[in-house]
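Shown next: upload22.cif, containing mmCIF, C-alpha atoms and all ligand atoms.
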data_structure
loop_
_atom_site.group_PDB
_atom_site.id
_atom_site.type_symbol
_atom_site.label_atom_id
_atom_site.label_comp_id
_atom_site.auth_asym_id
_atom_site.auth_seq_id
_atom_site.Cartn_x
_atom_site.Cartn_y
_atom_site.Cartn_z
ATOM 1 C CA MET C 1 -101.892 29.611 43.328
ATOM 2 C CA PRO C 2 -105.053 31.555 42.561
ATOM 3 C CA THR C 3 -107.453 31.200 45.460
ATOM 4 C CA HIS C 4 -110.822 32.793 45.925
ATOM 5 C CA ASN C 5 -112.653 33.443 49.174
ATOM 6 C CA SER C 6 -115.355 31.027 48.085
ATOM 7 C CA ASP C 7 -112.830 28.194 47.669
ATOM 8 C CA THR C 8 -113.505 25.434 50.103
ATOM 9 C CA ALA C 9 -110.607 23.840 51.967
ATOM 10 C CA ALA C 10 -111.122 20.714 49.855
ATOM 11 C CA GLU C 11 -110.877 22.657 46.579
ATOM 12 C CA GLN C 12 -107.770 24.460 47.819
ATOM 13 C CA ARG C 13 -106.190 21.194 48.865
ATOM 14 C CA ALA C 14 -106.956 19.627 45.477
ATOM 15 C CA ALA C 15 -105.487 22.612 43.608
ATOM 16 C CA ILE C 16 -102.306 22.485 45.717
ATOM 17 C CA GLU C 17 -102.037 18.735 45.153
ATOM 18 C CA ARG C 18 -102.326 19.200 41.363
ATOM 19 C CA MET C 19 -99.682 21.919 41.452
ATOM 20 C CA PHE C 20 -97.149 19.824 43.392
ATOM 21 C CA SER C 21 -97.856 16.750 41.268
ATOM 22 C CA ALA C 22 -97.180 18.790 38.120
ATOM 23 C CA ILE C 23 -93.732 20.017 39.215
ATOM 24 C CA VAL C 24 -92.289 16.658 40.293
ATOM 25 C CA PRO C 25 -89.919 16.094 37.321
ATOM 26 C CA ARG C 26 -87.774 19.179 38.037
ATOM 27 C CA TYR C 27 -88.608 19.553 41.754
ATOM 28 C CA ASP C 28 -85.274 18.375 43.198
ATOM 29 C CA LEU C 29 -83.215 20.244 40.627
ATOM 30 C CA LEU C 30 -85.031 23.497 41.362
ATOM 31 C CA ASN C 31 -84.693 23.008 45.126
ATOM 32 C CA ARG C 32 -80.924 22.683 44.743
ATOM 33 C CA VAL C 33 -80.491 25.549 42.286
ATOM 34 C CA LEU C 34 -82.920 28.048 43.805
ATOM 35 C CA SER C 35 -81.577 27.557 47.341
ATOM 36 C CA ALA C 36 -77.938 27.515 46.157
ATOM 37 C CA GLY C 37 -77.639 24.087 47.779
ATOM 38 C CA ARG C 38 -78.779 25.273 51.232
ATOM 39 C CA ASP C 39 -81.872 23.030 51.187
ATOM 40 C CA ARG C 40 -79.747 20.036 52.130
ATOM 41 C CA ALA C 41 -78.368 21.803 55.211
ATOM 42 C CA TRP C 42 -81.917 22.783 56.298
ATOM 43 C CA ARG C 43 -83.101 19.179 56.096
ATOM 44 C CA ARG C 44 -79.983 17.947 57.909
ATOM 45 C CA ALA C 45 -80.671 20.444 60.708
ATOM 46 C CA ALA C 46 -84.294 19.294 61.054
ATOM 47 C CA VAL C 47 -83.312 15.637 61.429
ATOM 48 C CA ARG C 48 -80.539 16.563 63.893
ATOM 49 C CA ALA C 49 -83.056 18.570 65.935
ATOM 50 C CA VAL C 50 -85.277 15.536 66.560
ATOM 51 C CA GLY C 51 -82.569 12.900 66.743
ATOM 52 C CA PRO C 52 -80.777 10.769 67.154
ATOM 53 C CA VAL C 53 -83.507 8.158 66.745
ATOM 54 C CA ARG C 54 -81.514 5.038 67.593
ATOM 55 C CA ALA C 55 -84.275 2.525 66.918
ATOM 56 C CA GLY C 56 -87.991 2.760 66.291
ATOM 57 C CA TRP C 57 -89.745 5.002 63.798
ATOM 58 C CA LEU C 58 -89.432 8.547 62.482
ATOM 59 C CA LEU C 59 -92.300 10.108 60.487
ATOM 60 C CA ASP C 60 -91.751 12.644 57.707
ATOM 61 C CA VAL C 61 -94.977 14.484 56.859
ATOM 62 C CA CYS C 62 -95.291 16.188 53.440
ATOM 63 C CA THR C 63 -92.275 14.136 52.435
ATOM 64 C CA GLY C 64 -92.312 15.138 48.752
ATOM 65 C CA THR C 65 -89.506 13.299 46.970
ATOM 66 C CA ALA C 66 -88.268 11.898 50.312
ATOM 67 C CA ASP C 67 -85.146 14.007 50.834
ATOM 68 C CA VAL C 68 -85.805 14.347 54.579
ATOM 69 C CA ALA C 69 -86.612 10.637 54.859
ATOM 70 C CA LEU C 70 -83.319 9.769 53.119
ATOM 71 C CA GLU C 71 -81.428 12.174 55.380
ATOM 72 C CA ALA C 72 -83.072 10.570 58.426
ATOM 73 C CA ALA C 73 -81.951 7.150 57.204
ATOM 74 C CA ARG C 74 -78.372 8.475 56.956
ATOM 75 C CA GLN C 75 -78.353 10.142 60.384
ATOM 76 C CA CYS C 76 -80.263 7.411 62.228
ATOM 77 C CA PRO C 77 -78.965 4.058 60.942
ATOM 78 C CA GLY C 78 -81.016 2.066 63.469
ATOM 79 C CA ALA C 79 -84.331 3.735 62.706
ATOM 80 C CA ARG C 80 -87.082 3.083 60.208
ATOM 81 C CA ILE C 81 -88.809 5.950 58.467
ATOM 82 C CA ALA C 82 -92.363 6.479 57.282
ATOM 83 C CA GLY C 83 -93.075 9.274 54.823
ATOM 84 C CA VAL C 84 -96.469 10.585 53.732
ATOM 85 C CA ASP C 85 -97.524 13.041 51.072
ATOM 86 C CA PHE C 86 -100.870 13.589 49.359
ATOM 87 C CA SER C 87 -99.281 13.734 45.903
ATOM 88 C CA GLY C 88 -99.036 10.318 44.227
ATOM 89 C CA PRO C 89 -96.373 11.518 41.742
ATOM 90 C CA MET C 90 -94.246 12.939 44.612
ATOM 91 C CA ILE C 91 -94.466 9.605 46.433
ATOM 92 C CA ALA C 92 -93.591 7.713 43.227
ATOM 93 C CA ALA C 93 -90.496 9.902 42.730
ATOM 94 C CA GLY C 94 -89.563 9.411 46.392
ATOM 95 C CA ARG C 95 -89.928 5.635 46.098
ATOM 96 C CA ALA C 96 -87.618 5.607 43.066
ATOM 97 C CA LYS C 97 -84.959 7.475 45.087
ATOM 98 C CA VAL C 98 -85.415 5.170 48.077
ATOM 99 C CA ALA C 99 -85.020 2.134 45.794
ATOM 100 C CA ALA C 100 -81.907 3.647 44.165
ATOM 101 C CA ALA C 101 -80.431 4.152 47.645
ATOM 102 C CA GLY C 102 -81.172 0.506 48.510
ATOM 103 C CA LEU C 103 -83.393 1.554 51.412
ATOM 104 C CA PRO C 104 -86.917 0.203 50.745
ATOM 105 C CA ALA C 105 -86.678 -2.015 53.828
ATOM 106 C CA ARG C 106 -86.135 1.050 56.043
ATOM 107 C CA ILE C 107 -88.157 3.797 54.346
ATOM 108 C CA ARG C 108 -91.876 3.331 53.668
ATOM 109 C CA LEU C 109 -93.669 6.014 51.696
ATOM 110 C CA GLN C 110 -97.405 6.301 51.296
ATOM 111 C CA VAL C 111 -100.011 8.640 49.902
ATOM 112 C CA SER C 112 -101.880 10.427 52.674
ATOM 113 C CA ALA C 113 -103.129 13.863 53.639
ATOM 114 C CA ALA C 114 -101.214 15.469 56.492
ATOM 115 C CA GLU C 115 -104.469 16.403 58.201
ATOM 116 C CA ALA C 116 -105.582 12.770 58.638
ATOM 117 C CA LEU C 117 -102.496 10.612 59.164
ATOM 118 C CA PRO C 118 -103.103 6.881 58.646
ATOM 119 C CA PHE C 119 -101.372 5.892 61.902
ATOM 120 C CA ALA C 120 -102.343 4.998 65.452
ATOM 121 C CA ASP C 121 -101.684 7.380 68.352
ATOM 122 C CA ASN C 122 -98.283 7.532 70.107
ATOM 123 C CA ILE C 123 -96.210 5.411 67.739
ATOM 124 C CA PHE C 124 -93.464 7.631 66.299
ATOM 125 C CA ASP C 125 -90.270 8.474 68.150
ATOM 126 C CA ALA C 126 -89.799 11.660 66.136
ATOM 127 C CA ALA C 127 -91.434 13.592 63.315
ATOM 128 C CA THR C 128 -90.413 16.137 60.706
ATOM 129 C CA MET C 129 -92.319 18.322 58.266
ATOM 130 C CA ALA C 130 -90.190 20.332 55.826
ATOM 131 C CA PHE C 131 -91.854 23.127 53.859
ATOM 132 C CA GLY C 132 -95.233 21.449 54.109
ATOM 133 C CA LEU C 133 -97.140 23.334 56.812
ATOM 134 C CA ARG C 134 -97.587 26.507 54.728
ATOM 135 C CA ASN C 135 -99.498 24.507 52.111
ATOM 136 C CA LEU C 136 -102.067 22.994 54.456
ATOM 137 C CA PRO C 137 -105.471 24.688 54.375
ATOM 138 C CA ASP C 138 -105.833 23.729 58.055
ATOM 139 C CA ARG C 139 -102.386 24.158 59.603
ATOM 140 C CA ARG C 140 -103.598 23.631 63.176
ATOM 141 C CA GLN C 141 -105.087 20.260 62.247
ATOM 142 C CA GLY C 142 -101.786 19.254 60.600
ATOM 143 C CA LEU C 143 -99.916 20.075 63.817
ATOM 144 C CA ARG C 144 -102.475 18.246 65.970
ATOM 145 C CA GLU C 145 -102.017 15.158 63.804
ATOM 146 C CA VAL C 146 -98.225 15.240 64.170
ATOM 147 C CA LEU C 147 -98.624 15.505 67.939
ATOM 148 C CA ARG C 148 -101.205 12.697 68.050
ATOM 149 C CA VAL C 149 -98.935 10.129 66.373
ATOM 150 C CA LEU C 150 -95.793 11.090 68.366
ATOM 151 C CA ARG C 151 -95.022 9.018 71.418
ATOM 152 C CA PRO C 152 -94.813 10.897 74.743
ATOM 153 C CA GLY C 153 -91.390 12.552 74.882
ATOM 154 C CA GLY C 154 -91.003 12.403 71.080
ATOM 155 C CA ARG C 155 -89.885 15.548 69.243
ATOM 156 C CA ALA C 156 -91.052 17.182 66.043
ATOM 157 C CA ALA C 157 -89.217 19.654 63.799
ATOM 158 C CA ILE C 158 -91.157 21.843 61.412
ATOM 159 C CA LEU C 159 -89.170 23.694 58.746
ATOM 160 C CA GLU C 160 -90.813 26.535 56.919
ATOM 161 C CA PHE C 161 -89.813 29.541 54.863
ATOM 162 C CA THR C 162 -90.369 32.814 56.622
ATOM 163 C CA THR C 163 -89.980 36.539 56.012
ATOM 164 C CA PRO C 164 -86.427 37.519 57.021
ATOM 165 C CA PRO C 165 -86.338 40.051 59.889
ATOM 166 C CA SER C 166 -83.503 42.184 58.486
ATOM 167 C CA PRO C 167 -84.767 44.874 56.053
ATOM 168 C CA VAL C 168 -81.612 44.472 53.955
ATOM 169 C CA VAL C 169 -82.037 40.706 53.644
ATOM 170 C CA LEU C 170 -85.771 41.189 53.031
ATOM 171 C CA GLY C 171 -85.057 43.593 50.164
ATOM 172 C CA LEU C 172 -82.623 41.151 48.582
ATOM 173 C CA TYR C 173 -85.025 38.263 49.166
ATOM 174 C CA ARG C 174 -87.894 40.102 47.447
ATOM 175 C CA TRP C 175 -85.671 41.058 44.538
ATOM 176 C CA TYR C 176 -84.454 37.443 44.226
ATOM 177 C CA SER C 177 -88.000 36.057 44.413
ATOM 178 C CA ARG C 178 -89.294 38.409 41.717
ATOM 179 C CA ARG C 179 -86.322 38.471 39.371
ATOM 180 C CA VAL C 180 -84.813 35.000 39.733
ATOM 181 C CA LEU C 181 -86.934 32.461 41.615
ATOM 182 C CA SER C 182 -90.279 32.997 39.882
ATOM 183 C CA PRO C 183 -89.025 33.331 36.287
ATOM 184 C CA LEU C 184 -86.429 30.550 36.598
ATOM 185 C CA GLY C 185 -88.920 28.284 38.361
ATOM 186 C CA ARG C 186 -91.485 28.924 35.621
ATOM 187 C CA LEU C 187 -88.947 28.263 32.865
ATOM 188 C CA VAL C 188 -87.442 25.078 34.300
ATOM 189 C CA SER C 189 -90.597 23.526 35.786
ATOM 190 C CA GLY C 190 -92.804 24.522 32.854
ATOM 191 C CA HIS C 191 -95.521 25.339 35.412
ATOM 192 C CA ARG C 192 -97.321 28.641 35.039
ATOM 193 C CA PHE C 193 -97.616 29.693 38.674
ATOM 194 C CA ALA C 194 -96.032 27.157 41.103
ATOM 195 C CA TYR C 195 -92.978 29.368 41.568
ATOM 196 C CA ASP C 196 -95.115 32.501 41.984
ATOM 197 C CA TYR C 197 -97.145 30.634 44.588
ATOM 198 C CA LEU C 198 -93.968 29.937 46.597
ATOM 199 C CA PRO C 199 -93.056 33.552 47.507
ATOM 200 C CA ALA C 200 -96.739 34.572 47.679
ATOM 201 C CA SER C 201 -97.548 31.801 50.161
ATOM 202 C CA VAL C 202 -94.453 32.669 52.234
ATOM 203 C CA ALA C 203 -95.563 36.315 52.380
ATOM 204 C CA ASP C 204 -99.039 35.203 53.531
ATOM 205 C CA PHE C 205 -97.699 32.812 56.164
ATOM 206 C CA PRO C 206 -97.616 33.991 59.779
ATOM 207 C CA PRO C 207 -94.272 34.983 61.352
ATOM 208 C CA PRO C 208 -92.423 32.404 63.508
ATOM 209 C CA ALA C 209 -94.223 33.555 66.684
ATOM 210 C CA GLY C 210 -97.518 32.570 65.032
ATOM 211 C CA VAL C 211 -96.281 29.053 64.332
ATOM 212 C CA THR C 212 -94.961 28.798 67.898
ATOM 213 C CA ALA C 213 -98.438 29.758 69.142
ATOM 214 C CA TRP C 214 -100.109 27.137 66.912
ATOM 215 C CA MET C 215 -97.730 24.458 68.189
ATOM 216 C CA GLU C 216 -98.415 25.390 71.806
ATOM 217 C CA GLU C 217 -102.166 25.472 71.127
ATOM 218 C CA ALA C 218 -101.917 22.016 69.554
ATOM 219 C CA GLY C 219 -100.338 20.788 72.805
ATOM 220 C CA PHE C 220 -96.598 20.723 72.035
ATOM 221 C CA THR C 221 -94.285 21.507 74.926
ATOM 222 C CA ASP C 222 -90.736 22.982 74.969
ATOM 223 C CA VAL C 223 -91.466 24.786 71.716
ATOM 224 C CA SER C 224 -88.525 26.721 70.277
ATOM 225 C CA CYS C 225 -87.654 28.391 67.008
ATOM 226 C CA ARG C 226 -84.297 28.919 65.306
ATOM 227 C CA LEU C 227 -83.809 31.009 62.189
ATOM 228 C CA LEU C 228 -81.535 29.611 59.485
ATOM 229 C CA THR C 229 -79.736 31.226 56.519
ATOM 230 C CA CYS C 230 -80.205 34.923 57.406
ATOM 231 C CA GLY C 231 -83.727 34.259 58.617
ATOM 232 C CA ILE C 232 -85.276 32.966 55.400
ATOM 233 C CA VAL C 233 -86.086 29.607 57.033
ATOM 234 C CA ALA C 234 -87.511 28.982 60.496
ATOM 235 C CA MET C 235 -86.984 25.685 62.268
ATOM 236 C CA HIS C 236 -89.643 25.066 64.919
ATOM 237 C CA VAL C 237 -89.068 22.276 67.404
ATOM 238 C CA GLY C 238 -91.491 20.937 69.986
ATOM 239 C CA ALA C 239 -92.041 17.820 72.053
ATOM 240 C CA LYS C 240 -94.971 15.732 73.213
ATOM 241 C CA ARG C 241 -95.445 15.898 76.958
ATOM 242 C CA SER C 242 -94.210 12.732 78.616
ATOM 243 C CA ASP C 243 -96.091 12.952 81.943
HETATM 244 C C1 LIG Z 1 -92.577 22.266 49.258
HETATM 245 S S1 LIG Z 1 -92.878 20.549 49.209
HETATM 246 C C2 LIG Z 1 -91.745 19.910 50.424
HETATM 247 C C3 LIG Z 1 -91.389 18.469 50.186
HETATM 248 C C4 LIG Z 1 -90.288 17.918 51.062
HETATM 249 N N1 LIG Z 1 -90.662 17.901 52.454
HETATM 250 C C5 LIG Z 1 -89.001 18.663 50.866
HETATM 251 O O1 LIG Z 1 -88.398 19.104 51.850
HETATM 252 O O2 LIG Z 1 -88.579 18.806 49.704
HETATM 253 C C6 LIG Z 1 -94.425 20.391 50.005
HETATM 254 C C7 LIG Z 1 -94.968 18.992 49.934
HETATM 255 O O3 LIG Z 1 -96.116 18.924 50.756
HETATM 256 C C8 LIG Z 1 -97.101 18.151 50.117
HETATM 257 N N2 LIG Z 1 -98.388 18.573 50.684
HETATM 258 C C9 LIG Z 1 -98.951 19.793 50.620
HETATM 259 N N3 LIG Z 1 -100.121 19.815 51.277
HETATM 260 C C10 LIG Z 1 -100.292 18.571 51.775
HETATM 261 C C11 LIG Z 1 -101.319 17.962 52.555
HETATM 262 N N4 LIG Z 1 -102.409 18.651 52.926
HETATM 263 N N5 LIG Z 1 -101.179 16.664 52.915
HETATM 264 C C12 LIG Z 1 -100.084 15.958 52.515
HETATM 265 N N6 LIG Z 1 -99.098 16.476 51.751
HETATM 266 C C13 LIG Z 1 -99.194 17.778 51.393
HETATM 267 C C14 LIG Z 1 -96.921 18.447 48.633
HETATM 268 O O4 LIG Z 1 -97.447 17.447 47.798
HETATM 269 C C15 LIG Z 1 -95.401 18.565 48.531
HETATM 270 O O5 LIG Z 1 -94.811 17.341 48.197
#

Would you give me this structure, written as structure tokens?
Ligand SMILES: C[S@@+](CC[C@H](N)C(=O)[O-])C[C@H]1O[C@@H](n2cnc3c(N)ncnc32)[C@H](O)[C@@H]1O
Amino acid sequence: MPTHNSDTAAEQRAAIERMFSAIVPRYDLLNRVLSAGRDRAWRRAAVRAVGPVRAGWLLDVCTGTADVALEAARQCPGARIAGVDFSGPMIAAGRAKVAAAGLPARIRLQVSAAEALPFADNIFDAATMAFGLRNLPDRRQGLREVLRVLRPGGRAAILEFTTPPSPVVLGLYRWYSRRVLSPLGRLVSGHRFAYDYLPASVADFPPPAGVTAWMEEAGFTDVSCRLLTCGIVAMHVGAKRSD
């Protein structure tokens, strides 16, 4: 994603939206292939971390093609799920999957920016955001919004790629990103830079301690972080104060 210092947040957001909308047709396939199938386990872990939601509502922010929302429906059979994403084509693909799974009565997807969620305060029992935070021009605002719509005591799990702490894993990860992920992503998606943007945006993203600090600043309590798959993914969990 080419960005320039003069880019406004709105221009950046629009460019990121166009990029994600353009890669929808092969998005799921590339997730599976490029992560060697681990992406499913990461989403399962995020839903487990905020659950079980026995009744009520779970919110999935930056839902993409709704894989987390579908996983939440599987793990929490009594819950209903709302998913938001600013990309219309992502939401359309997600709705098709929700319909194919026979779940439109339980999973509602809508187009919305993460930084201005179209929901009242304190209504969700749990929230997830998988691989979305890195893409937000204003990450703090995205976290504040998640906290605002959570009910007191509700938990949120934020999954994000991170730079692995082990130098050996980091070396392999960089080699894989340069030699496999970017070229294969470009070939299969047909998009010129979306799969260069992925490793570049991960490299620019703060380490897990930075995300922990943002969550605490936003007002989350009991914030913790667990590294998954040799430290290439960080799962941040926090709760909304209940007193
Ligand atoms: C890497 S994808 C992750 C999608 C999904 N959560 C998953 O696990 O596959 C990031 C998603 O975030 C969405 N997104 C990025 N910035 C956003 C924003 N500011 N507001 C809402 N959605 C956003 C993109 O359209 C894209 O669908």

Item to check | Surrounding residues as a ChimeraX atom specification, ligand LIG 1 (chain Z), max 9 Å, all atoms listed in the file | outcome: /C:13-14,16-21,24,27-28,31,39-40,42-43,60-69,84-91,111-117,128-139,142,159-160,198

Item to check | Selection near Arg174 in chain C, 12 Å with all atoms listed in the file, sequence-local residues under 5 positions removed, as a PyMOL selection string | outcome: chain C and resi 162-164+167-169+179-182+196+198-200+202-203+232

Expected file: the selected residues, C-alpha atoms, as a PDB file, in the frame of the given file:
ATOM      1  CA  THR C 162     -90.369  32.814  56.622  1.00  0.00           C
ATOM      2  CA  THR C 163     -89.980  36.539  56.012  1.00  0.00           C
ATOM      3  CA  PRO C 164     -86.427  37.519  57.021  1.00  0.00           C
ATOM      4  CA  PRO C 167     -84.767  44.874  56.053  1.00  0.00           C
ATOM      5  CA  VAL C 168     -81.612  44.472  53.955  1.00  0.00           C
ATOM      6  CA  VAL C 169     -82.037  40.706  53.644  1.00  0.00           C
ATOM      7  CA  ARG C 179     -86.322  38.471  39.371  1.00  0.00           C
ATOM      8  CA  VAL C 180     -84.813  35.000  39.733  1.00  0.00           C
ATOM      9  CA  LEU C 181     -86.934  32.461  41.615  1.00  0.00           C
ATOM     10  CA  SER C 182     -90.279  32.997  39.882  1.00  0.00           C
ATOM     11  CA  ASP C 196     -95.115  32.501  41.984  1.00  0.00           C
ATOM     12  CA  LEU C 198     -93.968  29.937  46.597  1.00  0.00           C
ATOM     13  CA  PRO C 199     -93.056  33.552  47.507  1.00  0.00           C
ATOM     14  CA  ALA C 200     -96.739  34.572  47.679  1.00  0.00           C
ATOM     15  CA  VAL C 202     -94.453  32.669  52.234  1.00  0.00           C
ATOM     16  CA  ALA C 203     -95.563  36.315  52.380  1.00  0.00           C
ATOM     17  CA  ILE C 232     -85.276  32.966  55.400  1.00  0.00           C
TER      18      ILE C 232
END

Please report, as lines of an AutoDock Vina configuration file, the centre and edge lengths in Å to one decimal of an axis-aligned box covering all listed atoms of range 49-56 of chain C with 5 Å per side.
center_x = -84.4
center_y = 10.5
center_z = 66.8
size_x = 17.2
size_y = 26.0
size_z = 11.7

Checklist entry - CA of Asp204 in chain C and CA of Glu145 in chain C are how many Å apart? => result 22.7 Å

Next on the checklist: Starting from the PyMOL selection byres (((chain C and resi 207-217) around 12) and not hetatm), expand the selection into actual residues of this file and give them as a ChimeraX atom specification.
Outcome noted: /C:133-134,138-147,155-165,202-206,218-228,231-241

Checklist entry - Of the residues C:Pro77, C:Gly94, C:Gly56, C:Gly37, which is the one nearest to Pro25 in chain C, using only C-alpha atoms? => result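 Closest to Pro25 in chain C of all the choices is C:Gly94.
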
Checklist entry - Could you name the residues that touch Ala120 in chain C at 10 Å or less, counting only C-alpha atoms, but leaving out those on the same chain fewer than 5 positions away, as a list of chain:residue names? => result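 After dropping sequence-adjacent residues, the list is C:Arg148, C:Val149, C:Leu150.
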
Item to check | Å distance separating CA of Ser35 in chain C from CA of Ala49 in chain C, one decimal place | outcome: 20.7 Å

Checklist entry - So which one's closest to Pro183 in chain C, C:Cys230, C:Ala22, C:Leu30, C:Ala93? Using only C-alpha atoms, please. => result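 When distances to Pro183 in chain C are compared using only C-alpha atoms, the smallest one comes from C:Leu30.
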
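Distances from C:Leu59, C:Ala72, C:Leu187, C:Leu109 to Phe124 in chain C were compared using all atoms listed in the file, and the smallest one belongs to C:Leu59.
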
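Across the structure, CA of Ala92 in chain C and CA of Gln110 in chain C are spaced 9.0 Å apart.
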
Checklist entry - So which one's closest to Gly185 in chain C, C:Ile23, C:Leu172, C:Ala15, C:Ala96? Using all atoms listed in the file, please. => result C:Ile23

Next on the checklist: From the options C:Ile81, C:Leu58, C:Arg32, C:Glu71, which residue's atoms come nearest to Arg44 in chain C, counting all atoms listed in the file?
Outcome noted: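 Using all atoms listed in the file, the shortest distance to Arg44 in chain C belongs to C:Glu71.
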
Item to check | Residue with smallest distance to His191 in chain C - pool C:Asp121, C:Arg26, C:Gly154, C:Ala55, counting only C-alpha atoms | outcome: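 Counting only C-alpha atoms, the residue closest to His191 in chain C is C:Arg26.
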
Checklist entry - Where does the PyMOL selection byres (((chain C and resi 76) around 8) and not hetatm) land in this file, that is, which residues does it pick, as a ChimeraX atom specification? => result /C:51-55,72-75,77-79

Return range 97-110 of chain C, completed with N, CA, C and O atoms, as a CSV table (one decimal), in the frame of the given file.
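Result file result_1.csv:
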chain,number,residue,atom,x,y,z
C,97,LYS,N,-86.2,7.1,44.4
C,97,LYS,CA,-85.0,7.5,45.1
C,97,LYS,C,-84.6,6.5,46.2
C,97,LYS,O,-83.4,6.2,46.4
C,98,VAL,N,-85.6,6.1,47.0
C,98,VAL,CA,-85.4,5.2,48.1
C,98,VAL,C,-84.9,3.8,47.5
C,98,VAL,O,-83.9,3.2,48.1
C,99,ALA,N,-85.5,3.4,46.4
C,99,ALA,CA,-85.0,2.1,45.8
C,99,ALA,C,-83.6,2.3,45.3
C,99,ALA,O,-82.7,1.4,45.5
C,100,ALA,N,-83.3,3.4,44.7
C,100,ALA,CA,-81.9,3.6,44.2
C,100,ALA,C,-80.9,3.7,45.3
C,100,ALA,O,-79.7,3.3,45.1
C,101,ALA,N,-81.3,4.1,46.5
C,101,ALA,CA,-80.4,4.2,47.6
C,101,ALA,C,-80.4,2.8,48.4
C,101,ALA,O,-79.7,2.7,49.4
C,102,GLY,N,-81.2,1.8,47.9
C,102,GLY,CA,-81.2,0.5,48.5
C,102,GLY,C,-81.8,0.5,49.9
C,102,GLY,O,-81.5,-0.3,50.7
C,103,LEU,N,-82.8,1.4,50.1
C,103,LEU,CA,-83.4,1.6,51.4
C,103,LEU,C,-84.9,1.2,51.5
C,103,LEU,O,-85.5,1.6,52.5
C,104,PRO,N,-85.5,0.4,50.6
C,104,PRO,CA,-86.9,0.2,50.7
C,104,PRO,C,-87.3,-0.6,52.0
C,104,PRO,O,-88.4,-0.4,52.5
C,105,ALA,N,-86.3,-1.3,52.6
C,105,ALA,CA,-86.7,-2.0,53.8
C,105,ALA,C,-86.8,-1.1,55.0
C,105,ALA,O,-87.4,-1.4,56.0
C,106,ARG,N,-86.1,0.1,54.9
C,106,ARG,CA,-86.1,1.0,56.0
C,106,ARG,C,-87.0,2.3,55.8
C,106,ARG,O,-87.4,2.9,56.8
C,107,ILE,N,-87.3,2.6,54.6
C,107,ILE,CA,-88.2,3.8,54.3
C,107,ILE,C,-89.4,3.4,53.6
C,107,ILE,O,-89.4,2.9,52.5
C,108,ARG,N,-90.6,3.6,54.3
C,108,ARG,CA,-91.9,3.3,53.7
C,108,ARG,C,-92.6,4.6,53.3
C,108,ARG,O,-92.8,5.5,54.2
C,109,LEU,N,-93.0,4.8,52.1
C,109,LEU,CA,-93.7,6.0,51.7
C,109,LEU,C,-95.1,5.7,51.3
C,109,LEU,O,-95.3,4.7,50.7
C,110,GLN,N,-96.0,6.5,51.7
C,110,GLN,CA,-97.4,6.3,51.3
C,110,GLN,C,-98.2,7.6,51.1
C,110,GLN,O,-97.8,8.6,51.6
